[in-house]
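K.L.:
Mind having a look at this structure? Questions to follow.
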Amino acid sequence: MRARRLGLLLPSSGTVQEVDFYRSVPPHVTVHSARMRLPATTEADEVRMLDDHVMPAARDLATIRPDVVVFSCTSAGALRGRDYEARLCGEIRDAAGAPVVSTMDAVRAELGRLGVRSVAVVTPYPDALTGPVRAGLEADGLRVPASAGLGLTDSLEIAAVPPEAIARFAVETFRRGPADAVFVACCTFRALEARDAIAAATGVPVVTSNQAALDAALRVLDGGVR
């Protein structure tokens, strides 16, 4: 099978995406990162990242001639709404010369494939970033009976939350407003490792940012349609 290069466009303070992707890609896919400066997971820093650092990183990534690029930041993808993110991904595609998978769009597609009508939303973020994620899903017609964030803004603190703590928090949130599925947001959150435990405790499908984005990217590499 022909070797494929997956470009990962991630915030500079992210430490989980690469690990999740490296562990999960098939042998013929390699993962190559370019980093967008993000000192902290705050609204102000994410705005600066979007305005000043996304496109230089995308142009750097173009030099490896990727076969697909993942825009790996859930909250930044939700911050200015779906139309803005679609335009941004179009610019990244033009700069990098490859199809682009948006994490937030991949999550929407996964929830659509599951056929769910309601979803509990769990994040490590403060309310200023959890709110746009929730609002984006509601704008897609999904009901969000419960959403909660841990209030963390330090990306390394987010990455340090152990999977078992993520699972407990997700289950507690789900039980405040049971839904058809659980979405655990954030690409630098160890949610993929907590996914099975959350599903076992809640009895519903669980979608995580990195799982949805990676699955979508692999479908692109396989010639499928997201």
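Following the order of the structure tokens, chains are lettered A, B, ..., residues in each are numbered from 1, and ligands are numbered from 1.
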Do a neighbour search on stretch 140-156 of chain A at 9 Å with only C-alpha atoms, toss out local chain neighbours closer than 2 positions, and write the hits as a PyMOL selection string.
P.N.:
chain A and resi 13-15+38-42+108+116-127+129-131+134-138+158-161+169-170+173-179+188-189
K.L.:
Mind the document's chain letters and residue numbers, and return as a PyMOL selection string the residues of stretch 21-212 of chain A that DSSP labels strand (DSSP E or B).
P.N.:
chain A and resi 29-36+68-71+100-102+118-123+143+147-149+181-184+206-208
K.L.:
To one decimal in Å, tell me the separation between atom CA of A:Ile64 and atom CA of A:Met36.
P.N.:
16.5 Å
K.L.:
Applying 9 Å and only C-alpha atoms, which residues near stretch 44-59 of chain A remain after dropping the ones on its own chain fewer than 6 positions away? List them as an NGL selection string.
P.N.:
:A and (9-11 or 34-38 or 69 or 75-76 or 79 or 88 or 91-93 or 95-96)
K.L.:
Pull N, CA and C atoms from the residues just selected and write them as a compact mmCIF listing (two decimals), in the first residue's frame.
P.N.:
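Writing done, so here's selection_26.txt:
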# COMPACT_ATOMS: atom_id res chain seq x y z
N LEU A 9 -2.11 19.96 11.95
CA LEU A 9 -1.98 21.38 12.25
C LEU A 9 -2.52 21.59 13.66
N LEU A 10 -1.63 21.77 14.64
CA LEU A 10 -2.07 21.78 16.03
C LEU A 10 -1.54 22.98 16.79
N PRO A 11 -2.24 23.39 17.86
CA PRO A 11 -1.73 24.46 18.70
C PRO A 11 -0.37 24.10 19.29
N ALA A 34 2.74 20.58 12.28
CA ALA A 34 3.13 21.98 12.26
C ALA A 34 2.34 22.66 13.37
N ARG A 35 2.99 23.57 14.08
CA ARG A 35 2.38 24.10 15.29
C ARG A 35 1.99 25.57 15.12
N MET A 36 0.78 25.88 15.61
CA MET A 36 0.24 27.24 15.60
C MET A 36 0.39 27.80 17.02
N ARG A 37 1.01 28.94 17.17
CA ARG A 37 1.30 29.44 18.52
C ARG A 37 0.01 29.64 19.32
N LEU A 38 -0.02 29.00 20.51
CA LEU A 38 -1.13 29.14 21.44
C LEU A 38 -0.58 28.98 22.85
N VAL A 69 -4.70 17.07 5.61
CA VAL A 69 -4.33 17.91 6.74
C VAL A 69 -5.49 17.93 7.73
N SER A 75 -11.98 23.87 19.92
CA SER A 75 -12.57 25.11 20.42
C SER A 75 -12.36 26.26 19.44
N ALA A 76 -11.18 26.34 18.83
CA ALA A 76 -10.95 27.40 17.85
C ALA A 76 -11.84 27.21 16.63
N LEU A 79 -15.21 28.61 17.64
CA LEU A 79 -15.24 29.94 18.23
C LEU A 79 -15.99 30.96 17.39
N LEU A 88 -11.88 29.18 6.63
CA LEU A 88 -10.51 28.99 7.09
C LEU A 88 -9.93 27.69 6.56
N GLU A 91 -8.85 28.04 3.06
CA GLU A 91 -7.56 28.73 2.95
C GLU A 91 -6.41 27.80 3.29
N ILE A 92 -6.60 26.97 4.33
CA ILE A 92 -5.57 26.00 4.69
C ILE A 92 -5.36 25.02 3.54
N ARG A 93 -6.45 24.55 2.94
CA ARG A 93 -6.36 23.61 1.81
C ARG A 93 -5.54 24.22 0.68
N ALA A 95 -3.32 26.61 0.85
CA ALA A 95 -1.92 26.83 1.25
C ALA A 95 -1.15 25.52 1.34
N ALA A 96 -1.81 24.47 1.87
CA ALA A 96 -1.12 23.20 2.09
C ALA A 96 -1.17 22.27 0.89
K.L.:
Return as a Markdown table the residues of stretch 74-135 of chain A lying at most 9 Å from stretch 199-220 of chain A, together with the closest atom-to-atom pair for each and the distance in Å to one decimal, counting only C-alpha atoms, with rows in chain order and ascending residue number.
P.N.:
| residue | atom | partner | partner_atom | distance |
| --- | --- | --- | --- | --- |
| A:Thr74 | CA | A:Ser209 | CA | 6.8 |
| A:Pro99 | CA | A:Val220 | CA | 7.8 |
| A:Val100 | CA | A:Ala217 | CA | 8.2 |
| A:Val101 | CA | A:Ala217 | CA | 6.2 |
| A:Ser102 | CA | A:Ala213 | CA | 7.0 |
| A:Thr103 | CA | A:Ala213 | CA | 4.9 |
| A:Met104 | CA | A:Ser209 | CA | 7.4 |
| A:Asp105 | CA | A:Ala213 | CA | 8.3 |
| A:Ala106 | CA | A:Ala213 | CA | 5.3 |
| A:Val107 | CA | A:Ala212 | CA | 5.4 |
| A:Arg108 | CA | A:Ala212 | CA | 8.8 |
| A:Ala109 | CA | A:Ala212 | CA | 8.4 |
| A:Glu110 | CA | A:Ala212 | CA | 6.5 |
| A:Leu111 | CA | A:Val207 | CA | 7.6 |
| A:Leu114 | CA | A:Pro205 | CA | 7.9 |
K.L.:
What gap, in Å, lies between atom CA of A:Val171 and atom CA of A:Gly115?
P.N.:
20.9 Å
K.L.:
Using only C-alpha atoms, which residues sit within 12 Å of A:Ala3 once same-chain residues fewer than 2 positions away are excluded, as a VMD selection string?
P.N.:
chain A and resid 1 5 to 6 25 to 31 66 to 67 221 to 222
K.L.:
Residues of the last selection are to be written out with C-alpha atoms, as a PDB file, in the first residue's frame.
P.N.:
ATOM      1  CA  MET A   1       0.000   0.000   0.000  1.00  0.00           C
ATOM      2  CA  ARG A   5       1.452  11.591   4.844  1.00  0.00           C
ATOM      3  CA  LEU A   6      -1.044  13.024   7.319  1.00  0.00           C
ATOM      4  CA  VAL A  25      -2.698   5.256  12.311  1.00  0.00           C
ATOM      5  CA  PRO A  26      -2.130   2.181  10.124  1.00  0.00           C
ATOM      6  CA  PRO A  27       1.460   1.323   9.150  1.00  0.00           C
ATOM      7  CA  HIS A  28       1.318   3.022   5.729  1.00  0.00           C
ATOM      8  CA  VAL A  29       0.341   6.425   7.240  1.00  0.00           C
ATOM      9  CA  THR A  30       2.880   8.764   8.830  1.00  0.00           C
ATOM     10  CA  VAL A  31       2.005  11.823  10.918  1.00  0.00           C
ATOM     11  CA  PRO A  66       0.701  16.100   2.764  1.00  0.00           C
ATOM     12  CA  ASP A  67      -2.055  13.843   1.475  1.00  0.00           C
ATOM     13  CA  LEU A 221      -6.766   8.851   2.554  1.00  0.00           C
ATOM     14  CA  ASP A 222      -8.770   5.774   1.580  1.00  0.00           C
TER      15      ASP A 222
END
